[in-house]
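my_file29.cif follows (mmCIF, C-alpha atoms (C1' of nucleotides)):
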```cif
data_my_file
loop_
_atom_site.label_atom_id
_atom_site.label_comp_id
_atom_site.auth_asym_id
_atom_site.auth_seq_id
_atom_site.Cartn_x
_atom_site.Cartn_y
_atom_site.Cartn_z
CA MET A 1 1.70 -11.59 -43.61
CA HIS A 2 3.56 -12.52 -40.49
CA PRO A 3 3.40 -16.26 -39.65
CA SER A 4 2.52 -15.68 -35.98
CA ILE A 5 -0.83 -14.06 -36.77
CA ILE A 6 -1.64 -16.80 -39.26
CA SER A 7 -1.01 -19.55 -36.75
CA HIS A 8 -3.03 -17.59 -34.21
CA LEU A 9 -5.98 -17.47 -36.61
CA LYS A 10 -5.66 -21.16 -37.43
CA GLN A 11 -5.75 -21.99 -33.75
CA TYR A 12 -9.33 -20.79 -33.66
CA ILE A 13 -10.89 -21.12 -37.11
CA ASN A 14 -10.47 -22.95 -40.42
CA LEU A 15 -9.51 -20.62 -43.21
CA THR A 16 -9.35 -20.65 -46.97
CA GLU A 17 -6.47 -18.98 -48.74
CA HIS A 18 -8.94 -16.32 -49.83
CA ASP A 19 -9.99 -15.59 -46.23
CA LEU A 20 -6.35 -15.16 -45.31
CA GLN A 21 -5.83 -12.70 -48.16
CA LEU A 22 -8.86 -10.75 -47.04
CA PHE A 23 -7.70 -10.59 -43.46
CA GLN A 24 -4.23 -9.58 -44.51
CA SER A 25 -5.59 -6.65 -46.48
CA CYS A 26 -7.19 -5.32 -43.28
CA LEU A 27 -3.93 -5.20 -41.32
CA ASN A 28 -1.33 -2.50 -40.93
CA SER A 29 2.09 -2.97 -39.44
CA ILE A 30 3.45 -0.44 -36.96
CA SER A 31 6.53 -0.02 -34.82
CA VAL A 32 6.54 1.78 -31.45
CA ASP A 33 9.46 2.84 -29.27
CA LYS A 34 9.69 1.96 -25.59
CA GLY A 35 7.63 4.20 -23.35
CA LYS A 36 5.49 5.53 -26.19
CA PHE A 37 1.71 5.50 -26.34
CA LEU A 38 -0.45 3.50 -28.69
CA LEU A 39 -3.66 4.91 -27.30
CA GLN A 40 -4.48 7.80 -25.02
CA PRO A 41 -7.79 8.84 -23.44
CA GLY A 42 -10.16 11.07 -25.31
CA THR A 43 -9.31 9.74 -28.72
CA GLN A 44 -11.78 7.92 -30.91
CA VAL A 45 -9.07 5.78 -32.48
CA LYS A 46 -10.63 2.41 -32.95
CA HIS A 47 -7.96 -0.21 -33.35
CA GLU A 48 -7.07 -3.53 -31.92
CA TYR A 49 -3.41 -4.54 -31.93
CA PHE A 50 -1.68 -7.88 -32.34
CA VAL A 51 1.79 -8.05 -30.82
CA LEU A 52 4.47 -9.43 -33.14
CA LYS A 53 7.33 -8.46 -30.84
CA GLY A 54 7.48 -6.51 -27.63
CA CYS A 55 5.63 -5.89 -24.41
CA LEU A 56 2.85 -3.43 -23.53
CA LYS A 57 0.49 -2.43 -20.75
CA ALA A 58 -3.06 -1.11 -20.78
CA TYR A 59 -4.23 0.96 -17.84
CA TYR A 60 -6.75 3.47 -16.57
CA LEU A 61 -6.06 6.59 -14.55
CA ASP A 62 -8.54 7.38 -11.78
CA GLU A 63 -9.60 10.83 -10.51
CA LYS A 64 -6.68 10.87 -8.07
CA GLY A 65 -4.24 10.24 -10.89
CA HIS A 66 -3.47 6.68 -9.84
CA SER A 67 -2.98 4.18 -12.62
CA HIS A 68 -4.59 0.74 -12.66
CA ILE A 69 -3.20 -1.81 -15.06
CA ILE A 70 -5.89 -3.89 -16.68
CA GLN A 71 -3.76 -5.97 -19.02
CA PHE A 72 -0.25 -6.74 -20.20
CA ALA A 73 0.44 -8.04 -23.68
CA ILE A 74 3.45 -9.84 -25.12
CA GLU A 75 4.03 -11.74 -28.37
CA ASN A 76 0.91 -13.26 -29.93
CA TRP A 77 -1.50 -11.31 -27.77
CA TRP A 78 -4.17 -8.92 -28.84
CA ILE A 79 -4.46 -5.66 -26.96
CA GLY A 80 -6.94 -2.82 -27.34
CA ASP A 81 -10.15 -1.40 -25.90
CA PHE A 82 -13.40 -3.23 -26.51
CA ASP A 83 -15.38 -0.50 -24.75
CA THR A 84 -14.53 2.15 -27.28
CA PHE A 85 -15.57 0.06 -30.21
CA PHE A 86 -18.85 -1.18 -28.90
CA ASN A 87 -20.38 1.98 -27.52
CA GLY A 88 -18.56 4.58 -29.54
CA ILE A 89 -17.62 6.82 -26.63
CA PRO A 90 -14.02 8.05 -26.41
CA SER A 91 -11.64 5.64 -24.76
CA ARG A 92 -10.41 6.21 -21.20
CA LEU A 93 -7.64 3.68 -21.69
CA HIS A 94 -3.90 4.23 -21.96
CA ILE A 95 -1.84 1.72 -23.91
CA GLU A 96 1.89 2.14 -23.48
CA THR A 97 4.88 0.11 -24.60
CA ILE A 98 7.16 -1.42 -21.97
CA GLU A 99 9.61 -2.50 -24.67
CA HIS A 100 10.12 -1.37 -28.24
CA SER A 101 7.32 -3.20 -30.03
CA THR A 102 6.19 -4.17 -33.50
CA LEU A 103 2.47 -4.63 -33.96
CA LEU A 104 -0.25 -5.35 -36.44
CA SER A 105 -3.25 -3.06 -36.20
CA ILE A 106 -6.79 -3.51 -37.43
CA ASN A 107 -9.30 -0.71 -37.74
CA TYR A 108 -12.73 -1.48 -36.35
CA ASN A 109 -14.66 -0.04 -39.27
CA THR A 110 -12.58 -2.24 -41.52
CA LEU A 111 -13.31 -5.13 -39.20
CA GLN A 112 -17.07 -4.52 -39.35
CA GLN A 113 -16.81 -4.63 -43.11
CA LEU A 114 -14.83 -7.85 -42.90
CA PHE A 115 -17.50 -9.43 -40.69
CA LYS A 116 -20.04 -8.83 -43.44
CA THR A 117 -17.82 -10.24 -46.18
CA ALA A 118 -16.46 -13.19 -44.24
CA PRO A 119 -18.55 -14.13 -41.18
CA ILE A 120 -15.95 -16.67 -40.11
CA PHE A 121 -14.04 -13.77 -38.58
CA GLU A 122 -17.04 -13.00 -36.44
CA ARG A 123 -16.36 -16.38 -34.89
CA TYR A 124 -12.65 -15.66 -34.48
CA PHE A 125 -13.42 -12.47 -32.58
CA ARG A 126 -16.12 -14.14 -30.54
CA LEU A 127 -13.59 -16.76 -29.46
CA LEU A 128 -10.99 -14.09 -28.70
CA THR A 129 -13.53 -12.24 -26.59
CA THR A 130 -14.49 -15.44 -24.84
CA ASN A 131 -10.87 -16.16 -23.97
CA ALA A 132 -10.41 -12.64 -22.68
CA PHE A 133 -13.58 -13.10 -20.65
CA ILE A 134 -12.31 -16.36 -19.17
CA SER A 135 -8.95 -14.92 -18.25
CA GLN A 136 -10.62 -11.95 -16.54
CA ARG A 137 -12.85 -14.34 -14.62
CA LYS A 138 -9.72 -16.16 -13.47
CA ARG A 139 -8.27 -12.85 -12.32
CA ILE A 140 -11.38 -11.96 -10.32
CA LEU A 141 -11.50 -15.42 -8.78
CA SER A 142 -7.84 -15.29 -8.00
CA SER A 143 -8.21 -11.97 -6.19
CA LEU A 144 -11.13 -13.38 -4.19
CA GLU A 145 -9.59 -16.66 -3.11
CA LYS A 146 -5.84 -16.16 -3.02
CA ASP A 147 -3.47 -14.00 -1.05
CA THR A 148 -1.01 -11.69 -2.77
CA LYS A 149 1.92 -14.12 -2.56
CA GLU A 150 -0.03 -16.85 -4.32
CA ARG A 151 -1.25 -14.41 -6.94
CA TYR A 152 2.27 -13.21 -7.63
CA VAL A 153 3.54 -16.78 -8.13
CA GLU A 154 0.55 -17.49 -10.37
CA PHE A 155 1.34 -14.38 -12.39
CA CYS A 156 4.98 -15.38 -12.88
CA GLU A 157 3.95 -18.87 -13.95
CA SER A 158 1.45 -17.54 -16.48
CA TYR A 159 4.19 -16.67 -18.97
CA PRO A 160 7.82 -17.74 -19.00
CA ASN A 161 10.07 -15.03 -17.53
CA ILE A 162 7.41 -12.37 -17.87
CA GLU A 163 8.54 -10.98 -14.50
CA ASP A 164 11.91 -10.13 -16.06
CA ARG A 165 10.35 -8.03 -18.79
CA ILE A 166 7.91 -6.05 -16.66
CA PRO A 167 9.12 -3.76 -13.84
CA ASP A 168 8.06 -4.77 -10.33
CA TYR A 169 6.02 -1.65 -9.74
CA ASP A 170 3.90 -2.49 -12.78
CA ILE A 171 3.37 -6.04 -11.55
CA ALA A 172 2.46 -4.71 -8.09
CA ASN A 173 0.02 -2.30 -9.71
CA TYR A 174 -1.56 -5.13 -11.70
CA LEU A 175 -1.93 -7.20 -8.53
CA GLY A 176 -3.43 -4.23 -6.68
CA VAL A 177 -0.73 -3.85 -4.02
CA SER A 178 2.01 -1.31 -3.39
CA ALA A 179 5.48 -1.82 -4.85
CA GLU A 180 6.87 -2.03 -1.29
CA ARG A 181 4.51 -4.87 -0.46
CA LEU A 182 5.52 -6.85 -3.53
CA SER A 183 9.17 -6.30 -2.67
CA ARG A 184 8.65 -7.81 0.78
CA ILE A 185 6.74 -10.72 -0.71
CA ARG A 186 9.52 -11.41 -3.17
CA SER A 187 12.18 -11.36 -0.44
CA LYS A 188 10.12 -13.90 1.54
CA LEU A 189 9.88 -16.11 -1.55
CA LYS A 190 13.65 -16.14 -2.05
CA ARG A 191 14.15 -17.80 1.35
CA MET B 1 -41.84 -17.53 -27.00
CA HIS B 2 -41.57 -15.17 -24.09
CA PRO B 3 -41.50 -11.48 -25.08
CA SER B 4 -38.57 -10.64 -22.81
CA ILE B 5 -36.12 -12.85 -24.70
CA ILE B 6 -37.35 -11.48 -28.01
CA SER B 7 -36.75 -7.91 -26.99
CA HIS B 8 -33.37 -8.93 -25.64
CA LEU B 9 -32.43 -10.39 -29.01
CA LYS B 10 -33.72 -7.33 -30.86
CA GLN B 11 -31.57 -5.11 -28.67
CA TYR B 12 -28.50 -6.64 -30.29
CA ILE B 13 -29.37 -7.93 -33.74
CA ASN B 14 -31.89 -7.55 -36.54
CA LEU B 15 -33.99 -10.65 -36.98
CA THR B 16 -36.34 -12.12 -39.54
CA GLU B 17 -39.43 -13.96 -38.39
CA HIS B 18 -37.74 -17.13 -39.57
CA ASP B 19 -34.66 -16.50 -37.40
CA LEU B 20 -36.94 -16.02 -34.41
CA GLN B 21 -38.70 -19.32 -35.11
CA LEU B 22 -35.34 -21.05 -35.36
CA PHE B 23 -34.12 -19.59 -32.10
CA GLN B 24 -37.36 -20.46 -30.35
CA SER B 25 -37.00 -24.10 -31.37
CA CYS B 26 -33.64 -24.21 -29.57
CA LEU B 27 -35.03 -23.11 -26.22
CA ASN B 28 -36.46 -25.06 -23.32
CA SER B 29 -38.36 -23.59 -20.42
CA ILE B 30 -37.60 -24.69 -16.86
CA SER B 31 -38.71 -23.81 -13.37
CA VAL B 32 -36.47 -24.08 -10.30
CA ASP B 33 -37.35 -23.78 -6.61
CA LYS B 34 -35.49 -21.47 -4.24
CA GLY B 35 -32.19 -22.85 -3.02
CA LYS B 36 -31.98 -25.50 -5.74
CA PHE B 37 -29.07 -26.01 -8.12
CA LEU B 38 -29.05 -25.45 -11.83
CA LEU B 39 -25.50 -26.60 -12.21
CA GLN B 40 -23.07 -28.42 -9.95
CA PRO B 41 -19.36 -29.16 -10.42
CA GLY B 42 -18.26 -32.26 -12.22
CA THR B 43 -21.16 -32.31 -14.64
CA GLN B 44 -20.75 -31.88 -18.37
CA VAL B 45 -24.14 -30.21 -18.73
CA LYS B 46 -23.67 -27.54 -21.32
CA HIS B 47 -26.42 -24.98 -21.05
CA GLU B 48 -26.75 -21.27 -20.86
CA TYR B 49 -29.79 -19.87 -19.08
CA PHE B 50 -31.90 -16.78 -19.66
CA VAL B 51 -33.78 -15.55 -16.59
CA LEU B 52 -37.50 -14.88 -17.18
CA LYS B 53 -38.26 -14.45 -13.48
CA GLY B 54 -36.19 -14.90 -10.36
CA CYS B 55 -32.71 -14.43 -8.96
CA LEU B 56 -29.64 -16.66 -9.03
CA LYS B 57 -25.98 -16.75 -8.10
CA ALA B 58 -23.00 -18.44 -9.70
CA TYR B 59 -20.02 -19.28 -7.52
CA TYR B 60 -16.91 -21.38 -7.14
CA LEU B 61 -15.81 -23.28 -4.05
CA ASP B 62 -12.08 -23.20 -3.27
CA GLU B 63 -9.99 -25.97 -1.63
CA LYS B 64 -10.84 -24.63 1.83
CA GLY B 65 -14.55 -24.87 1.07
CA HIS B 66 -15.06 -21.12 0.84
CA SER B 67 -17.45 -19.90 -1.83
CA HIS B 68 -16.71 -17.03 -4.19
CA ILE B 69 -19.60 -15.49 -6.07
CA ILE B 70 -18.72 -14.64 -9.63
CA GLN B 71 -22.11 -13.42 -10.83
CA PHE B 72 -25.70 -12.72 -9.86
CA ALA B 73 -28.51 -12.88 -12.39
CA ILE B 74 -32.00 -11.42 -12.35
CA GLU B 75 -34.67 -10.93 -15.02
CA ASN B 76 -33.34 -10.61 -18.58
CA TRP B 77 -29.86 -11.82 -17.71
CA TRP B 78 -28.01 -14.78 -19.11
CA ILE B 79 -26.19 -17.00 -16.67
CA GLY B 80 -24.04 -20.06 -17.28
CA ASP B 81 -20.46 -21.20 -17.59
CA PHE B 82 -18.51 -20.24 -20.70
CA ASP B 83 -15.50 -22.27 -19.57
CA THR B 84 -17.29 -25.58 -19.75
CA PHE B 85 -18.51 -25.01 -23.25
CA PHE B 86 -15.33 -23.79 -24.79
CA ASN B 87 -12.80 -26.27 -23.48
CA GLY B 88 -15.04 -29.23 -22.77
CA ILE B 89 -13.75 -29.92 -19.27
CA PRO B 90 -16.29 -30.48 -16.48
CA SER B 91 -17.56 -27.31 -14.86
CA ARG B 92 -16.34 -26.22 -11.45
CA LEU B 93 -19.21 -23.74 -11.15
CA HIS B 94 -22.25 -23.86 -8.89
CA ILE B 95 -25.38 -22.10 -10.04
CA GLU B 96 -28.03 -21.80 -7.35
CA THR B 97 -31.37 -20.02 -7.16
CA ILE B 98 -31.82 -17.29 -4.56
CA GLU B 99 -35.54 -17.07 -5.42
CA HIS B 100 -37.89 -19.46 -7.16
CA SER B 101 -36.99 -18.91 -10.82
CA THR B 102 -38.28 -19.58 -14.30
CA LEU B 103 -35.68 -19.82 -17.01
CA LEU B 104 -35.09 -20.53 -20.67
CA SER B 105 -32.24 -22.90 -21.39
CA ILE B 106 -30.22 -23.47 -24.52
CA ASN B 107 -27.99 -26.45 -25.10
CA TYR B 108 -24.60 -25.67 -26.50
CA ASN B 109 -24.58 -28.42 -29.11
CA THR B 110 -27.87 -27.05 -30.31
CA LEU B 111 -26.35 -23.59 -30.28
CA GLN B 112 -23.37 -24.68 -32.37
CA GLN B 113 -25.82 -26.08 -34.89
CA LEU B 114 -27.75 -22.81 -34.84
CA PHE B 115 -24.55 -20.83 -35.52
CA LYS B 116 -24.08 -22.82 -38.72
CA THR B 117 -27.66 -22.35 -39.87
CA ALA B 118 -28.03 -18.72 -38.87
CA PRO B 119 -24.67 -16.93 -38.38
CA ILE B 120 -26.49 -13.85 -37.09
CA PHE B 121 -26.67 -15.60 -33.71
CA GLU B 122 -22.91 -15.86 -33.70
CA ARG B 123 -23.02 -12.09 -33.57
CA TYR B 124 -25.60 -12.07 -30.79
CA PHE B 125 -23.42 -14.29 -28.63
CA ARG B 126 -20.30 -12.34 -29.50
CA LEU B 127 -22.04 -9.19 -28.30
CA LEU B 128 -23.27 -10.93 -25.14
CA THR B 129 -19.74 -12.11 -24.44
CA THR B 130 -18.40 -8.63 -25.08
CA ASN B 131 -20.85 -7.15 -22.60
CA ALA B 132 -19.95 -9.75 -20.02
CA PHE B 133 -16.31 -8.96 -20.67
CA ILE B 134 -16.88 -5.24 -20.20
CA SER B 135 -18.80 -5.70 -16.97
CA GLN B 136 -16.06 -7.94 -15.58
CA ARG B 137 -13.49 -5.33 -16.53
CA LYS B 138 -15.53 -2.77 -14.59
CA ARG B 139 -15.56 -5.09 -11.61
CA ILE B 140 -11.77 -5.52 -11.70
CA LEU B 141 -11.26 -1.78 -12.10
CA SER B 142 -13.69 -1.06 -9.32
CA SER B 143 -11.84 -3.38 -6.93
CA LEU B 144 -8.55 -1.71 -7.83
CA GLU B 145 -9.61 1.90 -7.49
CA LYS B 146 -12.45 2.02 -5.00
CA ASP B 147 -12.88 1.19 -1.35
CA THR B 148 -15.51 -1.24 -0.15
CA LYS B 149 -18.08 1.41 0.75
CA GLU B 150 -17.98 2.90 -2.73
CA ARG B 151 -18.18 -0.54 -4.30
CA TYR B 152 -21.22 -1.44 -2.20
CA VAL B 153 -23.03 1.74 -3.23
CA GLU B 154 -22.12 1.07 -6.85
CA PHE B 155 -23.46 -2.46 -6.53
CA CYS B 156 -26.78 -1.25 -5.11
CA GLU B 157 -27.11 1.31 -7.88
CA SER B 158 -26.45 -1.25 -10.59
CA TYR B 159 -29.97 -2.68 -10.34
CA PRO B 160 -33.01 -1.23 -8.63
CA ASN B 161 -33.50 -2.77 -5.20
CA ILE B 162 -31.21 -5.67 -5.95
CA GLU B 163 -29.89 -5.43 -2.38
CA ASP B 164 -33.37 -6.37 -1.10
CA ARG B 165 -33.44 -9.60 -3.08
CA ILE B 166 -29.97 -10.85 -2.25
CA PRO B 167 -28.93 -11.62 1.34
CA ASP B 168 -26.16 -9.41 2.75
CA TYR B 169 -23.72 -12.26 3.20
CA ASP B 170 -23.96 -13.03 -0.52
CA ILE B 171 -23.33 -9.38 -1.42
CA ALA B 172 -20.38 -9.30 0.99
CA ASN B 173 -19.04 -12.45 -0.63
CA TYR B 174 -19.39 -10.92 -4.08
CA LEU B 175 -17.54 -7.80 -2.94
CA GLY B 176 -14.82 -9.93 -1.37
CA VAL B 177 -15.31 -8.78 2.24
CA SER B 178 -16.69 -10.45 5.35
CA ALA B 179 -20.38 -10.17 6.22
CA GLU B 180 -19.42 -8.36 9.43
CA ARG B 181 -17.51 -5.75 7.47
CA LEU B 182 -20.43 -5.09 5.14
CA SER B 183 -22.73 -4.79 8.14
CA ARG B 184 -20.53 -2.06 9.64
CA ILE B 185 -20.31 -0.28 6.29
CA ARG B 186 -24.09 -0.32 5.97
CA SER B 187 -24.59 1.08 9.46
CA LYS B 188 -22.19 3.92 8.62
CA LEU B 189 -24.14 4.64 5.43
CA LYS B 190 -27.43 4.95 7.32
CA ARG B 191 -26.09 7.90 9.29
"C1'" DC C 1 -42.47 -22.70 21.36
"C1'" DG C 2 -37.80 -23.60 19.84
"C1'" DC C 3 -34.71 -23.72 16.20
"C1'" DG C 4 -32.18 -22.02 12.33
"C1'" DA C 5 -31.04 -18.28 9.32
"C1'" DC C 6 -29.56 -13.75 9.21
"C1'" DG C 7 -27.75 -9.43 10.69
"C1'" DT C 8 -25.25 -6.69 14.29
"C1'" DT C 9 -21.68 -5.42 17.56
"C1'" DG C 10 -17.27 -5.89 20.24
"C1'" DA C 11 -12.27 -7.30 20.85
"C1'" DT C 12 -8.10 -8.85 19.00
"C1'" DT C 13 -4.92 -9.71 15.28
"C1'" DT C 14 -3.08 -9.26 10.69
"C1'" DG C 15 -2.23 -7.60 6.04
"C1'" DC C 16 -1.28 -3.76 3.71
"C1'" DC C 17 -0.68 1.31 2.92
"C1'" DT C 18 1.93 5.42 3.44
"C1'" DC C 19 5.85 8.02 4.33
"C1'" DA C 20 10.62 8.05 4.50
"C1'" DA C 21 15.29 6.90 3.84
"C1'" DC C 22 18.65 4.40 1.52
"C1'" DG C 23 21.39 1.09 -1.92
"C1'" DA C 24 22.07 -0.35 -6.71
"C1'" DT C 25 21.97 0.32 -11.42
"C1'" DT C 26 21.58 2.87 -15.61
"C1'" DG C 27 21.91 6.68 -18.55
"C1'" DT C 28 23.57 11.13 -19.81
"C1'" DG C 29 26.01 15.42 -20.37
"C1'" DG C 30 30.30 17.86 -19.44
"C1'" DC D 1 35.49 8.62 -18.75
"C1'" DC D 2 33.73 10.33 -14.74
"C1'" DA D 3 30.04 12.76 -12.01
"C1'" DC D 4 25.54 13.29 -11.24
"C1'" DA D 5 20.70 12.50 -11.69
"C1'" DA D 6 17.04 9.50 -12.41
"C1'" DT D 7 15.00 5.11 -12.02
"C1'" DC D 8 14.12 1.12 -9.55
"C1'" DG D 9 14.11 -2.01 -5.77
"C1'" DT D 10 14.65 -2.66 -0.63
"C1'" DT D 11 13.92 -1.85 4.26
"C1'" DG D 12 11.93 0.32 8.51
"C1'" DA D 13 8.15 2.60 11.34
"C1'" DG D 14 3.45 3.96 12.22
"C1'" DG D 15 -1.32 3.68 11.28
"C1'" DC D 16 -5.64 2.08 9.23
"C1'" DA D 17 -8.76 -1.30 7.04
"C1'" DA D 18 -10.39 -5.59 7.34
"C1'" DA D 19 -10.22 -10.57 8.97
"C1'" DT D 20 -11.33 -13.56 12.60
"C1'" DC D 21 -13.54 -15.17 16.63
"C1'" DA D 22 -17.23 -14.67 19.61
"C1'" DA D 23 -21.55 -13.33 21.50
"C1'" DC D 24 -26.04 -11.64 20.98
"C1'" DG D 25 -30.69 -9.81 18.91
"C1'" DT D 26 -34.39 -10.60 15.68
"C1'" DC D 27 -37.25 -12.63 12.68
"C1'" DG D 28 -39.74 -16.41 10.20
"C1'" DC D 29 -41.19 -20.94 10.29
"C1'" DG D 30 -41.89 -26.10 11.20
#
```
Take the structure in the file and give it back as structure tokens.
Amino acid sequence: MHPSIISHLKQYINLTEHDLQLFQSCLNSISVDKGKFLLQPGTQVKHEYFVLKGCLKAYYLDEKGHSHIIQFAIENWWIGDFDTFFNGIPSRLHIETIEHSTLLSINYNTLQQLFKTAPIFERYFRLLTTNAFISQRKRILSSLEKDTKERYVEFCESYPNIEDRIPDYDIANYLGVSAERLSRIRSKLKR
Amino acid sequence: MHPSIISHLKQYINLTEHDLQLFQSCLNSISVDKGKFLLQPGTQVKHEYFVLKGCLKAYYLDEKGHSHIIQFAIENWWIGDFDTFFNGIPSRLHIETIEHSTLLSINYNTLQQLFKTAPIFERYFRLLTTNAFISQRKRILSSLEKDTKERYVEFCESYPNIEDRIPDYDIANYLGVSAERLSRIRSKLKR
DNA sequence: CGCGACGTTGATTTGCCTCAACGATTGTGG
DNA sequence: CCACAATCGTTGAGGCAAATCAACGTCGCG
């Protein structure tokens, strides 16, 4: 098993060697080229993904065909679609790689089984969900109380050099402004 | 124990009579007058609240003193501050009643103890967190892809007559627009 | 009654979108 | 290895949505 997922687990829960073995047996490793899709709408594929290496985005398309990025993921992040798992309806989410990426995947049926065998993982996923919840709350709050310039700076500070790995138009999309607007904001910041 | 919390529990998990007894022993009932605070920043009070009757709002104040409503809660909703519990720092959240309210409260230390005794409640709170996560994701998506009029209609449809229980300026605040703007949108909708 | 809380309406200003054109860079096929 | 297209970021102009400031109407209540 890759050390980064182990240290991620240990950050949240205490594990026996046996628990680790169990968890390992639930994981599959996959490799995805840049610009390829991990998930597309309409499918019932029920996986969550842990990023070993690479960069991805998750987004929805609205009726007008406009995309809305809900999340980026880089190393040591989980990415996936909670909706699909919990209510069983087909996903509306797109997950696409921004860089060539290597990932660990876990199937949700397998995960349900794991929860029964080793309830400690129920805690791990509760804590993951809680963190995701908190970071979404921060995003909502940020959009309510800050202007776009502040939110862009905040975004860049959230992960080192993340703005060099993600194209500007994707960042603009995530922030909910046009690419032109972000460009003007960036040129103001340089001065 | 109040029937509404029991049926809420049963919506998510299967319970023995003994589990129910256990859970009941963790709850306290409280009553709060209109306009009073359940939680104010700086305190370490670690409770989550289940609404039996009434209406509340949770909000943050920014440096400029502007409030930003993060959540409303009515009957059969949980309200609280996950942040405070999970990282131990004092809460920055205000929770205030919009109507006179009766609530059940659960202390988080008690809850941690309960998780150890009866892991099934770990699942209950994981599912609650997941639902909260999903509804926040909807809110983010909604603010990215819809205009204010659509978001107001969506808000009103989310709970029957909720717009009659919450003052317009609070709804405007939640939607991230000025009260004047919402007023104009409402007058357009009437026609 | 008078005051405060709440909603409405008008006028001005500002942030941002959209459309459009144009550099810079990268990749690709002849 | 060059030519050309595609991708990406920048810049300008015009228009709309929404903020802000201000004034006013209405209702409920001490």
Check your understanding: At what distance in Å, to one decimal, does CA of His18 (chain B) lie from CA of Lys116 (chain A)?
Key -> 19.9 Å
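CA of Pro41 (chain B) is positioned 5.5 Å from CA of Leu93 (chain B).
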Exercise for review: Please identify every residue of chain A that has at least one atom no more than 10 Å from any atom of chain B, counting all atoms listed in the file, and report them as JSON, numbers by chain.
Suggested key: {"A": [59, 60, 61, 62, 63, 64, 66, 67, 68, 69, 70, 81, 82, 83, 86, 115, 119, 120, 122, 123, 124, 125, 126, 127, 128, 129, 130, 131, 132, 133, 134, 135, 136, 137, 138, 139, 140, 141, 142, 143, 144, 145, 146, 173, 174, 175, 176, 177]}
Exercise for review: I need the residue set behind the PyMOL selection byres ((chain A) within 10 of (chain C)) for this file; please write it as a list in words.
Suggested key: Asp147, Thr148, Val177, Ser178, Glu180 and Arg181 of chain A
Restrict the selected residues to C-alpha atoms and save them as a compact mmCIF listing (two decimals), keeping the file's coordinate frame.
```txt
# COMPACT_ATOMS: atom_id res chain seq x y z
CA ASP A 147 -3.47 -14.00 -1.05
CA THR A 148 -1.01 -11.69 -2.77
CA VAL A 177 -0.73 -3.85 -4.02
CA SER A 178 2.01 -1.31 -3.39
CA GLU A 180 6.87 -2.03 -1.29
CA ARG A 181 4.51 -4.87 -0.46
```
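Across the chains present, the PyMOL selection byres ((chain D) within 12 of (chain B)) applied to this file returns DA17, DA18, DA19, DT20 and DC21 of chain D.
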For the structure shown, which residues end up in the PyMOL selection byres ((chain A and resi 39) around 6)? Put them as a PDB file with C-alpha atoms, keeping the file's coordinate frame, please?
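Result file selection.pdb:
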```
ATOM      1  CA  PHE A  37       1.710   5.500 -26.340  1.00  0.00           C
ATOM      2  CA  LEU A  38      -0.450   3.500 -28.690  1.00  0.00           C
ATOM      3  CA  GLN A  40      -4.480   7.800 -25.020  1.00  0.00           C
ATOM      4  CA  HIS A  94      -3.900   4.230 -21.960  1.00  0.00           C
ATOM      5  CA  ILE A  95      -1.840   1.720 -23.910  1.00  0.00           C
TER       6      ILE A  95
END
```
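Across the structure, CA of Ile98 (chain B) and C1' of DC29 (chain D) are spaced 17.9 Å apart.
By chain and then residue number, the residues within 8 Å of Ser105 (chain A) are Leu27, Asn28, Ser29, Ile30, His47, Glu48, Tyr49 and Phe50 of chain A, counting only C-alpha atoms (C1' of nucleotides) and disregarding those fewer than 6 positions away in sequence.
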Assuming 5 Å of padding per side, give the centre and edge lengths of the axis-aligned box around every listed atom of region 10-27 of chain D, in Å to one decimal and as JSON.
```
{"center_x": -11.3, "center_y": -5.6, "center_z": 10.4, "size_x": 61.9, "size_y": 29.1, "size_z": 32.1}
```
**Study point:** Long-range neighbours of Thr110 (chain B) as a PyMOL selection string, 10 Å cut-off, only C-alpha atoms (C1' of nucleotides), 3 positions minimum in chain
**Key:** chain B and resi 23+25-27+46-47+106-107+113-115
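Using all atoms listed in the file for every distance, the candidate list B:Val45, B:Tyr108, B:Phe121, B:Thr97 yields B:Phe121 as the residue closest to Tyr12 (chain B).
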